[in-house]
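Peer 1: Okay, handing you the structure first.
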Amino acid sequence: MATFQFLMDGFATALQWHNILFALVGVIIGTAVGVLPGIGPMSGVALLIPITATLTSGLPTESAAASSIILLAGVYYGAMYGGSTTSILLNTPGESSSVVTALDGYQMARQGRAGAALSIAAIGSFVAGIVSLIGLVLLAEPLSNIALEFGPAEYFSLMLLGLCAVSGLAGKSMTKALIMTVLGLMLGTIGIDGVSGIARFTYDIPVLYGGIEFLTIAVGLFALGEVFKTILEKEADTDPIAKITRILPTKQDLKESAKPIARGSLLGFFIGVLPGAGATLASFFSYITEKKVSKNPDSFGKGNIAGVAGPESANNAASGGAMIPLLTLGIPGSGTTAILMGALIMYNVQPGPLLFDDHPEIAWGLIASMFFGNLILLILNMPLVRVFAKIIQTPQKYLLPIIIAISFFGVYAVQYSTFDLYLLLACGVLGYLFSKNDYPVAPLVLALVLGPMIENNMRRALTISNGDYSIFVTSPLSLAFLIVAFAWIFVPIILKFTGRKVIVNEEE
Amino acid sequence: MTNTFDKSMGVILLVISILFVTESMKISGSAYGSVIGPKTYPLILGIILGFLSLRLLYETFRKNSETPEKMKLNYKRFGIILVSAILYVFLLEIIGYILATFLFLLISFWVMEKGKLLSTILIALFFTLGVYLMFVTLLGGSLPKFTLF
């Protein structure tokens, strides 16, 4: 059982004292990010990349990459736990994947069952986290073996599929999503061309030769964009917070939520594996499913515990499932995993099928740390939920300027150039304008990360075929990927024409 | 607002795409005998963006102007913070990290909400020194110091 052996080695990595610490810090920050409205998992992860880069600077590259990805992934799934807290207590979801949790969770809180709702959310998230991890362990080897057979043409088509999937589901207007994707790809072409060594679009400006740094764009568009939005739009609001009386759920609660948790975990996992469909969509689907299978669907929206258990499990399972395409294929399926991928590339670690062979320490260390991290999160979210509920009351007066200062520090510490800080500010303003006008920013970041790889694979494939573009459709796998990619774009359009409502995945 | 923004975005994007196409034509065609040189890919992107921006313009003009609800925006607060952020970047390598960050935080805290002078100063000081000491002393990184003297 080679997988088991690898997993045990992974635990050996994950249980080194500094990695335990990193996982702990990651999930605590993640929970805080989830609790704080206004900072989504994407900006949280983006903000922490430079911080982890400096924290791990003393370690050898391999373990530095392992440690920081452990922390960053911790922020990602930790945010999924934390998001439920504000949904339930305040009726304001901390991030978009917890929107449906608010429907029944807040009602439960008003009936004095806030503690039960919170603990069921935590238990559901934990079960789902473990389910998706087992899926990840089982699928990692076979999937990366398949991916090893891919040539450049297959990779090109697969990446195109990833981009189309994210653009097809992001935001209200597909035109805008596609525009953002193409803009991201264009930004990726700035700098020295990796194949020929020719400078493109640099105009003899020295800072442009290295290309536009993904980190600066991501932190600017997400973190600063959201901060600027809050500065401009929100006045200090003081909503009353529901009291948490009893933390443990009753036996009845557990019995009622066991099945929704199981269904939510499986559903969420499979949705998470699909590119483009993230945690938000998973929680929506789970809610709809629970309502359909329930004996009394009318009780939904009035404090039915299944309406909390299902979606909360689903969004956590989806975040675990989303790691699969990232780790095995090297294709991020969502904005947050694109940022994680960018972080790995910063350490010169290429996610993809070779990750498991070349860097088993990173791949299995991460997987093992997620088992451990989920356990910590269960503890954090059950007895300590009162402490985290306090975070909601952090005054914005201090929070927002400090986030700006952290992003300045982070970008400067990694880049050492004021050009990047100006770029950061510009991206912040643009990020606000874009998201205000329904231009989704996630596809842009994803495209910026994938862009150079898409181009390299395209050119390699075309060099093999001597410039013949038909190589992309004659390879059966590549053709299949392309067909699915077009389906992602055109099926929603056709559905729209026939008057159906299309669910979009808005990720913060 | 969305509509005007979309219109101007459409025009700007169209200009960008034309510039992108013409500029990528100038990149040398082939690098090492391969048919596909460094200019093909940007060229394709430029053309796609051109089509998409036309599509955006078409959608915007067809949709007619609907009047979205007006939102009261806090321009003053945002403006002061943005300007002080730009000044921060400008002054960072001149007056050093500690002073620049401290002043930036002080101003932004104050703009966000007036009052509680003592805790405002303390939090700004604590954050600035904390980051500086941790990064420079503990991790051995370097941040700009005060260089006027």
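Within each chain, counting starts at residue 1; across the structure tokens, chains are named A, B, ... in the order shown, with ligands numbered 1 upward in that order.
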For chain A against chain B, with a cut-off of 8 Å and counting only C-alpha atoms, what is the closest atom pair and its distance in Å to one decimal for every residue that makes the cut, ordered by chain and number, as CSV?

Peer 2:
```
residue,atom,partner,partner_atom,distance
A:Thr54,CA,B:Leu139,CA,7.4
A:Leu55,CA,B:Leu139,CA,7.1
A:Ser57,CA,B:Leu139,CA,7.8
A:Gly58,CA,B:Leu139,CA,7.7
A:Thr175,CA,B:Leu56,CA,6.4
A:Lys176,CA,B:Leu56,CA,7.3
A:Leu178,CA,B:Leu52,CA,7.6
A:Ile179,CA,B:Leu52,CA,6.3
A:Val182,CA,B:Leu49,CA,6.4
A:Leu183,CA,B:Leu49,CA,7.7
A:Leu185,CA,B:Leu45,CA,7.5
A:Met186,CA,B:Leu45,CA,6.7
A:Thr189,CA,B:Pro42,CA,6.9
A:Asp193,CA,B:Pro38,CA,6.8
A:Val195,CA,B:Pro38,CA,7.7
A:Ser196,CA,B:Ala31,CA,5.6
A:Ile198,CA,B:Pro38,CA,7.4
A:Arg200,CA,B:Ile27,CA,7.0
A:Phe201,CA,B:Glu23,CA,7.6
A:Phe228,CA,B:Phe78,CA,7.1
A:Ile231,CA,B:Phe78,CA,6.0
A:Leu232,CA,B:Asn74,CA,4.7
A:Glu233,CA,B:Leu73,CA,5.4
A:Gln396,CA,B:Met112,CA,7.9
A:Lys397,CA,B:Met112,CA,5.1
A:Tyr398,CA,B:Phe109,CA,6.0
A:Pro401,CA,B:Ser108,CA,6.0
A:Ile402,CA,B:Leu105,CA,7.1
A:Ala405,CA,B:Thr101,CA,7.1
A:Ala413,CA,B:Leu143,CA,7.5
A:Thr418,CA,B:Val89,CA,6.4
A:Leu421,CA,B:Val89,CA,6.5
A:Tyr422,CA,B:Val89,CA,7.0
A:Leu425,CA,B:Ile86,CA,7.7
A:Asn437,CA,B:Thr2,CA,5.5
A:Glu455,CA,B:Tyr41,CA,6.6
A:Arg459,CA,B:Ile36,CA,6.3
A:Leu462,CA,B:Ile36,CA,6.9
A:Thr463,CA,B:Ser34,CA,6.1
A:Asn466,CA,B:Val35,CA,6.7
A:Gly467,CA,B:Val35,CA,5.5
```

Peer 1: Compile the contact shell of stretch 157-169 of chain A as a PyMOL selection string: residues with an atom at most 8 Å away, counting only C-alpha atoms, same-chain residues fewer than 4 positions apart removed.

Peer 2: chain A and resi 153+174+177-178+181+275-277+331-334+443+446-447+450+454+472+478-479+481-482+484-486+488-489+492+503-506

Peer 1: Hey, what's within 9 Å of A:Pro353 if we count only C-alpha atoms and toss same-chain stuff fewer than 3 positions away? As a VMD selection string, please?

Peer 2: chain A and resid 140 to 141 143 to 148 327 to 330 356 to 357

Peer 1: Which residues come within 10 Å of A:Thr3, counting only C-alpha atoms, excluding same-chain residues fewer than 4 positions away, as a compact mmCIF listing (two decimals) with N, CA, C and O atoms, in the first residue's frame?

Peer 2:
```txt
# COMPACT_ATOMS: atom_id res chain seq x y z
N LEU A 7 1.41 8.61 2.90
CA LEU A 7 0.61 9.39 3.83
C LEU A 7 1.31 9.45 5.19
O LEU A 7 1.36 10.49 5.84
N MET A 8 1.88 8.31 5.60
CA MET A 8 2.59 8.29 6.87
C MET A 8 3.80 9.22 6.83
O MET A 8 4.08 9.96 7.76
N ASP A 9 4.53 9.19 5.70
CA ASP A 9 5.64 10.13 5.54
C ASP A 9 5.14 11.56 5.62
O ASP A 9 5.79 12.44 6.18
N VAL A 137 -6.82 11.58 -0.86
CA VAL A 137 -5.79 10.55 -0.72
C VAL A 137 -5.99 9.45 -1.76
O VAL A 137 -5.05 9.01 -2.42
N LEU A 138 -7.27 9.03 -1.91
CA LEU A 138 -7.54 7.91 -2.83
C LEU A 138 -7.35 8.32 -4.28
O LEU A 138 -6.89 7.54 -5.10
N ALA A 140 -5.51 10.91 -5.49
CA ALA A 140 -4.28 11.60 -5.86
C ALA A 140 -3.40 10.77 -6.77
O ALA A 140 -3.00 11.23 -7.85
N GLU A 141 -3.09 9.53 -6.36
CA GLU A 141 -2.19 8.71 -7.16
C GLU A 141 -2.74 8.42 -8.56
O GLU A 141 -2.09 8.74 -9.56
N TRP A 364 2.25 15.36 0.24
CA TRP A 364 1.69 14.54 1.32
C TRP A 364 1.72 15.26 2.64
O TRP A 364 0.86 15.05 3.50
```

Peer 1: So which residues touch A:Thr336 within 7 Å, counting only C-alpha atoms, skipping near sequence neighbours fewer than 2 positions away, as a PyMOL selection string?

Peer 2: chain A and resi 41-42+334+338-340

Peer 1: Would you mind exporting N, CA and C atoms of the selected residues as a CSV table (one decimal), in the first residue's frame?

Peer 2:
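The result, stored in result-v2.csv:
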```csv
chain,number,residue,atom,x,y,z
A,41,PRO,N,-11.9,34.4,1.8
A,41,PRO,CA,-10.7,33.5,1.9
A,41,PRO,C,-9.6,33.9,0.8
A,42,MET,N,-10.1,34.5,-0.3
A,42,MET,CA,-9.1,34.8,-1.3
A,42,MET,C,-8.2,35.9,-0.9
A,334,SER,N,-10.5,27.4,-8.9
A,334,SER,CA,-11.2,28.5,-8.4
A,334,SER,C,-10.1,29.6,-8.1
A,338,ALA,N,-6.2,29.2,-7.2
A,338,ALA,CA,-5.2,29.9,-8.1
A,338,ALA,C,-4.2,30.6,-7.3
A,339,ILE,N,-4.6,31.2,-6.3
A,339,ILE,CA,-3.7,32.0,-5.4
A,339,ILE,C,-2.7,31.0,-4.7
A,340,LEU,N,-3.3,29.9,-4.3
A,340,LEU,CA,-2.4,28.8,-3.6
A,340,LEU,C,-1.4,28.4,-4.7
```

Peer 1: Residues of chain B in helix (DSSP H, G or I) according to DSSP, as a PyMOL selection string?

Peer 2: chain B and resi 2-26+40-63+75-95+97-112+117-138

Peer 1: A:Leu384: which residues within 12 Å, counting only C-alpha atoms, same-chain residues fewer than 2 positions away excluded, as a list in words?

Peer 2: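 Listing them by chain and then by number gives Ile28, Thr31, Gly82, Thr85, Gly115, Leu118, Ser119, Ala122, Ile244, Ile247, Ile376, Leu377, Leu378, Ile379, Leu380, Asn381, Met382, Arg386, Val387, Phe388, Ala389, Lys390 and Ile391 of chain A.
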